[in-house]
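Source file: coords-v5.cif; contents: mmCIF, C-alpha atoms.
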data_upload
loop_
_atom_site.group_PDB
_atom_site.id
_atom_site.type_symbol
_atom_site.label_atom_id
_atom_site.label_comp_id
_atom_site.auth_asym_id
_atom_site.auth_seq_id
_atom_site.Cartn_x
_atom_site.Cartn_y
_atom_site.Cartn_z
ATOM 1 C CA MET Z 14 42.770 -52.782 -62.757
ATOM 2 C CA SER Z 15 40.615 -50.781 -60.357
ATOM 3 C CA GLU Z 16 43.274 -48.050 -60.106
ATOM 4 C CA LEU Z 17 42.506 -47.305 -63.766
ATOM 5 C CA PHE Z 18 38.989 -46.209 -62.757
ATOM 6 C CA PRO Z 19 39.385 -43.399 -60.207
ATOM 7 C CA ARG Z 20 36.354 -42.912 -58.001
ATOM 8 C CA LYS Z 21 36.073 -39.197 -58.782
ATOM 9 C CA GLN Z 22 35.776 -39.743 -62.541
ATOM 10 C CA VAL Z 23 33.413 -42.706 -62.249
ATOM 11 C CA MET Z 24 31.157 -40.642 -59.973
ATOM 12 C CA GLY Z 25 31.406 -37.738 -62.427
ATOM 13 C CA PHE Z 26 30.296 -40.026 -65.265
ATOM 14 C CA VAL Z 27 27.383 -41.456 -63.248
ATOM 15 C CA PHE Z 28 26.321 -37.934 -62.275
ATOM 16 C CA SER Z 29 26.436 -36.797 -65.920
ATOM 17 C CA LEU Z 30 24.189 -39.747 -66.883
ATOM 18 C CA VAL Z 31 21.752 -38.751 -64.133
ATOM 19 C CA LEU Z 32 21.702 -35.155 -65.415
ATOM 20 C CA THR Z 33 21.047 -36.426 -68.957
ATOM 21 C CA ALA Z 34 18.151 -38.566 -67.720
ATOM 22 C CA LEU Z 35 16.731 -35.572 -65.835
ATOM 23 C CA ALA Z 36 16.900 -33.445 -68.992
ATOM 24 C CA LEU Z 37 15.136 -36.198 -70.970
ATOM 25 C CA ALA Z 38 12.159 -35.810 -68.607
ATOM 26 C CA VAL Z 39 11.078 -32.738 -70.602
ATOM 27 C CA TYR Z 40 10.439 -35.075 -73.556
ATOM 28 C CA PHE Z 41 8.782 -37.956 -71.705
ATOM 29 C CA PHE Z 42 6.604 -35.957 -69.305
ATOM 30 C CA ASP Z 43 4.164 -33.163 -69.904
ATOM 31 C CA MET Z 44 5.312 -29.921 -68.328
ATOM 32 C CA SER Z 45 4.931 -26.212 -68.915
ATOM 33 C CA PHE Z 46 7.451 -24.363 -71.098
ATOM 34 C CA THR Z 47 8.811 -22.413 -68.124
ATOM 35 C CA VAL Z 48 9.400 -25.515 -65.985
ATOM 36 C CA ALA Z 49 10.946 -27.426 -68.905
ATOM 37 C CA MET Z 50 13.316 -24.584 -69.886
ATOM 38 C CA THR Z 51 14.370 -24.101 -66.262
ATOM 39 C CA LEU Z 52 15.130 -27.820 -65.979
ATOM 40 C CA LEU Z 53 17.127 -27.797 -69.233
ATOM 41 C CA LEU Z 54 19.105 -24.687 -68.256
ATOM 42 C CA VAL Z 55 19.956 -26.074 -64.814
ATOM 43 C CA THR Z 56 20.990 -29.551 -66.041
ATOM 44 C CA ALA Z 57 22.999 -28.183 -69.011
ATOM 45 C CA PHE Z 58 25.011 -25.694 -66.962
ATOM 46 C CA ILE Z 59 25.699 -28.156 -64.117
ATOM 47 C CA GLN Z 60 26.771 -30.710 -66.723
ATOM 48 C CA ALA Z 61 29.133 -28.182 -68.356
ATOM 49 C CA GLY Z 62 30.622 -27.249 -64.961
ATOM 50 C CA LEU Z 63 31.089 -30.925 -64.139
ATOM 51 C CA GLN Z 64 33.054 -31.565 -67.339
ATOM 52 C CA LEU Z 65 35.198 -28.492 -66.713
ATOM 53 C CA VAL Z 66 36.143 -29.304 -63.131
ATOM 54 C CA VAL Z 67 36.163 -33.132 -62.981
ATOM 55 C CA PHE Z 68 37.357 -34.088 -66.452
ATOM 56 C CA MET Z 69 39.234 -31.060 -67.753
ATOM 57 C CA HIS Z 70 41.174 -30.420 -64.532
ATOM 58 C CA ALA Z 71 40.604 -26.673 -64.939
ATOM 59 C CA GLY Z 72 41.814 -25.774 -61.457
ATOM 60 C CA GLU Z 73 44.911 -27.865 -60.843
ATOM 61 C CA THR Z 74 47.858 -25.589 -61.706
ATOM 62 C CA GLU Z 75 49.028 -22.062 -60.953
ATOM 63 C CA ASP Z 76 47.256 -20.959 -64.165
ATOM 64 C CA LYS Z 77 43.912 -21.660 -62.481
ATOM 65 C CA GLY Z 78 43.055 -17.944 -62.197
ATOM 66 C CA ALA Z 79 43.851 -17.199 -65.846
ATOM 67 C CA ILE Z 80 41.966 -20.289 -67.064
ATOM 68 C CA TYR Z 81 38.796 -19.530 -65.109
ATOM 69 C CA THR Z 82 38.897 -15.813 -65.983
ATOM 70 C CA ASN Z 83 39.166 -16.724 -69.657
ATOM 71 C CA ILE Z 84 36.323 -19.268 -69.486
ATOM 72 C CA TYR Z 85 34.060 -16.851 -67.578
ATOM 73 C CA TYR Z 86 34.858 -14.200 -70.200
ATOM 74 C CA GLY Z 87 33.995 -16.589 -73.064
ATOM 75 C CA VAL Z 88 30.758 -17.659 -71.372
ATOM 76 C CA PHE Z 89 29.853 -14.023 -70.625
ATOM 77 C CA ILE Z 90 30.311 -12.976 -74.268
ATOM 78 C CA ALA Z 91 28.355 -16.039 -75.464
ATOM 79 C CA LEU Z 92 25.480 -15.287 -73.062
ATOM 80 C CA VAL Z 93 25.402 -11.597 -74.056
ATOM 81 C CA THR Z 94 25.338 -12.660 -77.721
ATOM 82 C CA VAL Z 95 22.499 -15.151 -77.196
ATOM 83 C CA LEU Z 96 20.388 -13.049 -74.802
ATOM 84 C CA GLY Z 97 21.003 -9.813 -76.751
ATOM 85 C CA THR Z 98 19.927 -11.520 -79.969
ATOM 86 C CA LEU Z 99 16.801 -12.956 -78.318
ATOM 87 C CA LEU Z 100 16.035 -9.541 -76.829
ATOM 88 C CA CYS Z 101 15.958 -7.682 -80.126
ATOM 89 C CA MET Z 102 15.007 -10.456 -82.600
ATOM 90 C CA ILE Z 103 12.449 -12.534 -80.669
ATOM 91 C CA TRP Z 104 11.246 -10.779 -77.531
ATOM 92 C CA GLY Z 105 10.718 -7.551 -79.484
ATOM 93 C CA TYR Z 106 12.619 -4.892 -77.545
ATOM 94 C CA VAL Z 107 14.095 -3.122 -80.544
ATOM 95 C CA MET O 432 64.673 -28.628 -71.205
ATOM 96 C CA LYS O 433 63.949 -28.091 -67.510
ATOM 97 C CA LEU O 434 61.837 -30.894 -66.097
ATOM 98 C CA ASP O 435 59.717 -30.344 -63.011
ATOM 99 C CA HIS O 436 58.928 -33.788 -61.615
ATOM 100 C CA SER O 437 56.445 -32.495 -59.051
ATOM 101 C CA LEU O 438 53.939 -31.970 -61.877
ATOM 102 C CA PRO O 439 52.274 -34.478 -64.240
ATOM 103 C CA PRO O 440 54.347 -34.963 -67.450
ATOM 104 C CA GLU O 441 52.063 -32.797 -69.593
ATOM 105 C CA TYR O 442 52.916 -29.742 -67.438
ATOM 106 C CA SER O 443 56.554 -30.568 -66.807
ATOM 107 C CA THR O 444 58.123 -27.781 -68.886
ATOM 108 C CA GLU O 445 57.356 -24.071 -69.094
ATOM 109 C CA GLU O 446 56.492 -24.493 -72.772
ATOM 110 C CA ASN O 447 54.048 -27.327 -71.992
ATOM 111 C CA ARG O 448 52.332 -25.276 -69.301
ATOM 112 C CA LEU O 449 51.912 -22.337 -71.686
ATOM 113 C CA LYS O 450 50.578 -24.575 -74.466
ATOM 114 C CA ILE O 451 47.848 -25.803 -72.130
ATOM 115 C CA LEU O 452 46.981 -22.234 -71.094
ATOM 116 C CA GLY O 453 46.930 -21.248 -74.769
ATOM 117 C CA PHE O 454 44.546 -24.048 -75.560
ATOM 118 C CA TRP O 455 42.195 -22.877 -72.816
ATOM 119 C CA ILE O 456 42.162 -19.455 -74.495
ATOM 120 C CA PHE O 457 41.238 -21.179 -77.778
ATOM 121 C CA ILE O 458 38.382 -22.949 -75.959
ATOM 122 C CA GLY O 459 37.193 -19.542 -74.717
ATOM 123 C CA ALA O 460 37.011 -18.409 -78.354
ATOM 124 C CA GLU O 461 35.149 -21.587 -79.304
ATOM 125 C CA ILE O 462 32.551 -20.913 -76.593
ATOM 126 C CA MET O 463 31.885 -17.543 -78.249
ATOM 127 C CA LEU O 464 31.720 -19.149 -81.725
ATOM 128 C CA PHE O 465 29.050 -21.598 -80.587
ATOM 129 C CA GLY O 466 27.310 -18.719 -78.760
ATOM 130 C CA THR O 467 26.785 -16.934 -82.088
ATOM 131 C CA LEU O 468 25.493 -20.156 -83.682
ATOM 132 C CA PHE O 469 22.989 -20.687 -80.854
ATOM 133 C CA ALA O 470 21.888 -17.034 -81.088
ATOM 134 C CA SER O 471 21.193 -17.465 -84.825
ATOM 135 C CA TYR O 472 19.473 -20.806 -84.243
ATOM 136 C CA PHE O 473 17.070 -19.358 -81.643
ATOM 137 C CA THR O 474 16.270 -16.478 -84.014
ATOM 138 C CA LEU O 475 15.531 -18.667 -87.041
ATOM 139 C CA VAL O 476 14.084 -21.801 -85.438
ATOM 140 C CA ASP O 477 10.457 -21.024 -86.427
ATOM 141 C CA ARG O 478 11.233 -19.879 -90.019
ATOM 142 C CA THR O 479 10.547 -23.243 -91.632
ATOM 143 C CA ALA O 480 8.737 -21.923 -94.743
ATOM 144 C CA GLY O 481 6.099 -24.647 -94.396
ATOM 145 C CA THR O 482 8.624 -27.521 -94.432
ATOM 146 C CA PRO O 483 9.108 -29.955 -91.494
ATOM 147 C CA GLY O 484 10.369 -28.187 -88.372
ATOM 148 C CA ALA O 485 12.229 -29.360 -85.270
ATOM 149 C CA ALA O 486 9.292 -31.315 -83.810
ATOM 150 C CA GLU O 487 8.769 -33.409 -86.969
ATOM 151 C CA LEU O 488 12.447 -33.912 -87.851
ATOM 152 C CA PHE O 489 14.084 -35.030 -84.626
ATOM 153 C CA GLY O 490 13.851 -38.563 -83.258
ATOM 154 C CA ILE O 491 14.433 -39.448 -79.624
ATOM 155 C CA THR O 492 16.273 -42.733 -80.348
ATOM 156 C CA PRO O 493 19.187 -41.342 -82.401
ATOM 157 C CA LEU O 494 19.419 -38.466 -79.926
ATOM 158 C CA ILE O 495 19.815 -40.776 -76.920
ATOM 159 C CA ILE O 496 22.349 -42.959 -78.768
ATOM 160 C CA GLU O 497 24.430 -39.932 -79.813
ATOM 161 C CA THR O 498 24.355 -38.475 -76.304
ATOM 162 C CA LEU O 499 25.359 -41.741 -74.622
ATOM 163 C CA LEU O 500 28.194 -42.311 -77.121
ATOM 164 C CA LEU O 501 29.616 -38.821 -76.627
ATOM 165 C CA LEU O 502 29.208 -38.793 -72.825
ATOM 166 C CA THR O 503 30.928 -42.169 -72.561
ATOM 167 C CA SER O 504 33.741 -41.054 -74.880
ATOM 168 C CA SER O 505 34.313 -38.028 -72.668
ATOM 169 C CA PHE O 506 34.570 -40.388 -69.678
ATOM 170 C CA THR O 507 36.971 -42.801 -71.413
ATOM 171 C CA ILE O 508 39.355 -40.038 -72.500
ATOM 172 C CA GLY O 509 39.325 -38.820 -68.893
ATOM 173 C CA LEU O 510 40.392 -42.331 -67.882
ATOM 174 C CA GLY O 511 43.035 -42.169 -70.631
ATOM 175 C CA VAL O 512 44.568 -39.045 -69.110
ATOM 176 C CA HIS O 513 44.433 -40.688 -65.671
ATOM 177 C CA ALA O 514 46.274 -43.759 -67.037
ATOM 178 C CA MET O 515 48.803 -41.444 -68.689
ATOM 179 C CA ARG O 516 49.549 -39.831 -65.317
ATOM 180 C CA MET O 517 50.188 -43.267 -63.868
ATOM 181 C CA GLY O 518 52.646 -43.848 -66.726
ATOM 182 C CA ASN O 519 50.547 -46.727 -68.044
ATOM 183 C CA LYS O 520 50.965 -46.185 -71.787
ATOM 184 C CA LYS O 521 49.165 -49.356 -72.806
ATOM 185 C CA ALA O 522 45.973 -48.560 -70.857
ATOM 186 C CA MET O 523 46.161 -44.942 -71.991
ATOM 187 C CA MET O 524 46.309 -45.891 -75.662
ATOM 188 C CA ALA O 525 43.452 -48.360 -75.177
ATOM 189 C CA PHE O 526 41.260 -45.660 -73.584
ATOM 190 C CA PHE O 527 42.148 -43.178 -76.335
ATOM 191 C CA ALA O 528 41.304 -45.783 -78.999
ATOM 192 C CA ILE O 529 37.938 -46.521 -77.333
ATOM 193 C CA THR O 530 37.263 -42.767 -77.225
ATOM 194 C CA LEU O 531 37.899 -42.427 -80.964
ATOM 195 C CA LEU O 532 35.696 -45.435 -81.742
ATOM 196 C CA LEU O 533 32.856 -43.944 -79.687
ATOM 197 C CA GLY O 534 33.411 -40.642 -81.514
ATOM 198 C CA ALA O 535 33.197 -42.456 -84.855
ATOM 199 C CA GLY O 536 29.974 -44.110 -83.669
ATOM 200 C CA PHE O 537 28.545 -40.715 -82.790
ATOM 201 C CA LEU O 538 29.490 -39.399 -86.210
ATOM 202 C CA GLY O 539 27.852 -42.413 -87.864
ATOM 203 C CA VAL O 540 24.535 -41.723 -86.117
ATOM 204 C CA GLU O 541 24.778 -38.024 -86.967
ATOM 205 C CA ILE O 542 25.351 -38.824 -90.655
ATOM 206 C CA TYR O 543 22.359 -41.186 -90.536
ATOM 207 C CA GLU O 544 20.313 -38.328 -89.048
ATOM 208 C CA PHE O 545 21.424 -35.822 -91.716
ATOM 209 C CA ASN O 546 20.488 -38.375 -94.366
ATOM 210 C CA HIS O 547 17.092 -38.759 -92.691
ATOM 211 C CA PHE O 548 16.565 -34.961 -92.736
ATOM 212 C CA VAL O 549 17.405 -34.810 -96.433
ATOM 213 C CA HIS O 550 14.945 -37.639 -97.157
ATOM 214 C CA GLN O 551 12.267 -35.598 -95.380
ATOM 215 C CA GLY O 552 12.997 -32.881 -97.956
ATOM 216 C CA VAL O 553 14.978 -30.698 -95.556
ATOM 217 C CA THR O 554 18.377 -29.643 -96.934
ATOM 218 C CA LEU O 555 20.740 -26.752 -96.268
ATOM 219 C CA GLN O 556 18.794 -24.569 -98.718
ATOM 220 C CA THR O 557 15.196 -25.430 -97.708
ATOM 221 C CA SER O 558 14.510 -22.715 -95.149
ATOM 222 C CA ALA O 559 16.166 -20.338 -92.705
ATOM 223 C CA PHE O 560 15.574 -23.002 -90.038
ATOM 224 C CA SER O 561 17.169 -25.819 -92.032
ATOM 225 C CA ALA O 562 20.181 -23.640 -92.909
ATOM 226 C CA ILE O 563 20.968 -22.763 -89.296
ATOM 227 C CA LEU O 564 20.187 -26.317 -88.128
ATOM 228 C CA PHE O 565 22.710 -27.888 -90.516
ATOM 229 C CA MET O 566 25.151 -25.078 -89.736
ATOM 230 C CA THR O 567 24.990 -25.570 -85.953
ATOM 231 C CA LEU O 568 24.993 -29.389 -85.983
ATOM 232 C CA GLY O 569 27.537 -29.406 -88.812
ATOM 233 C CA THR O 570 29.979 -27.115 -87.005
ATOM 234 C CA HIS O 571 29.915 -29.481 -84.036
ATOM 235 C CA GLY O 572 30.124 -32.543 -86.326
ATOM 236 C CA ILE O 573 33.142 -31.178 -88.202
ATOM 237 C CA HIS O 574 34.850 -30.574 -84.845
ATOM 238 C CA VAL O 575 34.275 -34.241 -83.957
ATOM 239 C CA THR O 576 35.582 -35.322 -87.381
ATOM 240 C CA ILE O 577 38.738 -33.245 -86.997
ATOM 241 C CA GLY O 578 39.072 -34.585 -83.444
ATOM 242 C CA ILE O 579 39.031 -38.191 -84.645
ATOM 243 C CA PHE O 580 41.915 -37.561 -87.068
ATOM 244 C CA TRP O 581 43.803 -35.481 -84.494
ATOM 245 C CA GLY O 582 43.426 -38.342 -81.997
ATOM 246 C CA LEU O 583 44.601 -40.899 -84.538
ATOM 247 C CA PHE O 584 47.768 -38.911 -85.203
ATOM 248 C CA ILE O 585 48.392 -38.615 -81.457
ATOM 249 C CA LEU O 586 48.017 -42.393 -81.077
ATOM 250 C CA MET O 587 50.544 -42.877 -83.883
ATOM 251 C CA GLN O 588 53.015 -40.522 -82.154
ATOM 252 C CA LEU O 589 52.516 -42.315 -78.821
ATOM 253 C CA LYS O 590 53.272 -45.606 -80.506
ATOM 254 C CA LYS O 591 56.361 -44.239 -82.257
ATOM 255 C CA ASP O 592 57.860 -41.949 -79.586
ATOM 256 C CA GLY O 593 56.417 -43.403 -76.393
ATOM 257 C CA LEU O 594 55.193 -41.412 -73.428
ATOM 258 C CA ASN O 595 57.362 -38.312 -72.913
ATOM 259 C CA PRO O 596 56.624 -34.706 -71.849
ATOM 260 C CA ALA O 597 55.913 -33.712 -75.475
ATOM 261 C CA THR O 598 53.471 -36.516 -76.336
ATOM 262 C CA ALA O 599 51.864 -36.297 -72.870
ATOM 263 C CA ASN O 600 51.263 -32.592 -73.469
ATOM 264 C CA LYS O 601 49.686 -33.226 -76.871
ATOM 265 C CA SER O 602 47.484 -35.962 -75.448
ATOM 266 C CA PHE O 603 46.316 -33.785 -72.577
ATOM 267 C CA ILE O 604 45.449 -30.898 -74.922
ATOM 268 C CA PHE O 605 43.553 -33.311 -77.145
ATOM 269 C CA SER O 606 41.587 -34.493 -74.098
ATOM 270 C CA LEU O 607 40.618 -30.871 -73.340
ATOM 271 C CA TYR O 608 39.335 -30.512 -76.906
ATOM 272 C CA TRP O 609 37.349 -33.730 -76.683
ATOM 273 C CA HIS O 610 35.707 -32.810 -73.365
ATOM 274 C CA PHE O 611 34.825 -29.447 -74.850
ATOM 275 C CA LEU O 612 33.011 -31.140 -77.767
ATOM 276 C CA ASP O 613 30.967 -33.029 -75.195
ATOM 277 C CA VAL O 614 30.078 -29.753 -73.445
ATOM 278 C CA VAL O 615 28.904 -28.256 -76.745
ATOM 279 C CA TRP O 616 26.859 -31.386 -77.440
ATOM 280 C CA ILE O 617 25.107 -31.042 -74.053
ATOM 281 C CA PHE O 618 23.864 -27.610 -75.167
ATOM 282 C CA ILE O 619 22.793 -28.907 -78.593
ATOM 283 C CA PHE O 620 21.085 -31.862 -76.881
ATOM 284 C CA SER O 621 19.181 -29.545 -74.504
ATOM 285 C CA PHE O 622 18.407 -26.447 -76.547
ATOM 286 C CA VAL O 623 18.220 -27.716 -80.111
ATOM 287 C CA TYR O 624 16.820 -31.250 -79.735
ATOM 288 C CA LEU O 625 14.894 -31.443 -76.450
ATOM 289 C CA LYS O 626 13.554 -27.873 -76.691
ATOM 290 C CA GLY O 627 12.459 -28.629 -80.266
ATOM 291 C CA MET O 628 10.751 -31.898 -79.367
ATOM 292 C CA MET O 629 8.936 -31.027 -76.134
#

Could you write out this file's structure as structure tokens?
Amino acid sequence: MSELFPRKQVMGFVFSLVLTALALAVYFFDMSFTVAMTLLLVTAFIQAGLQLVVFMHAGETEDKGAIYTNIYYGVFIALVTVLGTLLCMIWGYV
Amino acid sequence: MKLDHSLPPEYSTEENRLKILGFWIFIGAEIMLFGTLFASYFTLVDRTAGTPGAAELFGITPLIIETLLLLTSSFTIGLGVHAMRMGNKKAMMAFFAITLLLGAGFLGVEIYEFNHFVHQGVTLQTSAFSAILFMTLGTHGIHVTIGIFWGLFILMQLKKDGLNPATANKSFIFSLYWHFLDVVWIFIFSFVYLKGMM
């Protein structure tokens, strides 16, 4: 039975619950916008990385390089889209 | 069909390996899709036209339930893939079934939430904020819905054909999709819900 619950994945799950609880702190405790956003950004990106490496087995075959390059490219375009939009629509650098 | 027994069954043929790589490329495209939705959400989040905004609409209880359901489902499908690699079809199917049930539970809470929004007078057409809110949450929700049916069909194939390189490959690709939905939810959880409620 225990071989059905590999240590690595159980630890990954526990760690993801911890990260979720940490993120929830921004709701339950009073903190400044900067501190709260930093906390959310850090927990969200660690959580995403955790899923990718522990659960999605991104780096286990010879396609590792292609897979990571593609994911970095997708994330880069998404970040440019989000930050570029914020830059001209919200922060006011037209 | 050339079988390479040094690799798990889902990678054991050239075609299988390429299908998995191809699915990663699809996930890259999905990351960009959700990037555009988040960009629009951050732009329109304050345009509520005097109707309830994020702070009034969201509740912490449904949010925590949804997050726990989806996180756990991501864990159980990971265990499913692990069982598959041990060749334990019975445990694998059980883990996949639990995953789909948790996904259905998530969807139930999300539908309850949408219903709650509508009862507060916030529909797709109420304001720029409500439109992008339903659009962002809805795009994720429809992915989960499609995932549940996809998973059901995979379970049916596993039952009918057993565990072979083809069904193992399909199951593994489905697990990638499911984990990805969890990743997207983490960003919705952090930057739509928690940012809106703090």

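Restricting the calculation to only C-alpha atoms, the smallest distance between chain O and any of Z:Leu63, Z:Ala34, Z:Leu52, Z:Ala91 is found for Z:Ala91.
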
Could you tell me, as a ChimeraX atom specification, exactly which residues end up selected when the PyMOL selection byres ((chain Z) within 9 of (chain O)) is applied to this structure?
/Z:16-19,22-23,25-26,29-30,33,36-37,39-44,46,49-50,53-54,56-58,60-62,64-65,67-71,74,76,79-80,83-99,102-103

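Each of O:Ile573, O:Ala559, O:Ala597, O:Leu586 was compared to Ala480 in chain O using only C-alpha atoms, and O:Ala559 turns out to be the nearest.
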
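With only C-alpha atoms as the atoms that count, the residue of O:Gly536, O:Val623, O:Thr444, O:Gly490 with the shortest distance to Phe560 in chain O is O:Val623.
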
Once 5 Å is added on each side, what are the centre and the three edge lengths, in Å to one decimal, of the axis-aligned box enclosing the listed atoms of range 84-87 of chain Z? Present them as AutoDock Vina command-line options.
--center_x 35.2 --center_y -16.7 --center_z -70.3 --size_x 12.3 --size_y 15.1 --size_z 15.5

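Across O:Ile585, O:Gly481, O:Leu488, O:Ser437, the tightest approach to Ser558 in chain O is made by O:Gly481 when counting only C-alpha atoms.
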
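The gap separating CA of Ser602 in chain O from CA of Gly534 in chain O is 16.0 Å, in Å to one decimal.
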
Counting only C-alpha atoms, which residue out of O:Ile496, O:Ile563, O:Leu531, O:Met587 sits closest to Asp477 in chain O?
O:Ile563

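Between Thr51 in chain Z and the residues Z:Val66, Z:Val27, Z:Met14, Z:Leu35, the shortest atom-to-atom distance, using all atoms listed in the file, involves Z:Leu35.
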
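Distance-wise, CA of Trp104 in chain Z and CA of Thr479 in chain O end up 18.8 Å apart.
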
Non-local contacts of Tyr543 in chain O (12 Å; all atoms listed in the file; under 3 positions in same chain excluded) as a VMD selection string
chain O and resid 489 to 490 492 to 494 496 to 497 536 to 540 546 to 550

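Note that the spacing between CA of Lys77 in chain Z and CA of Pro440 in chain O amounts to 17.6 Å.
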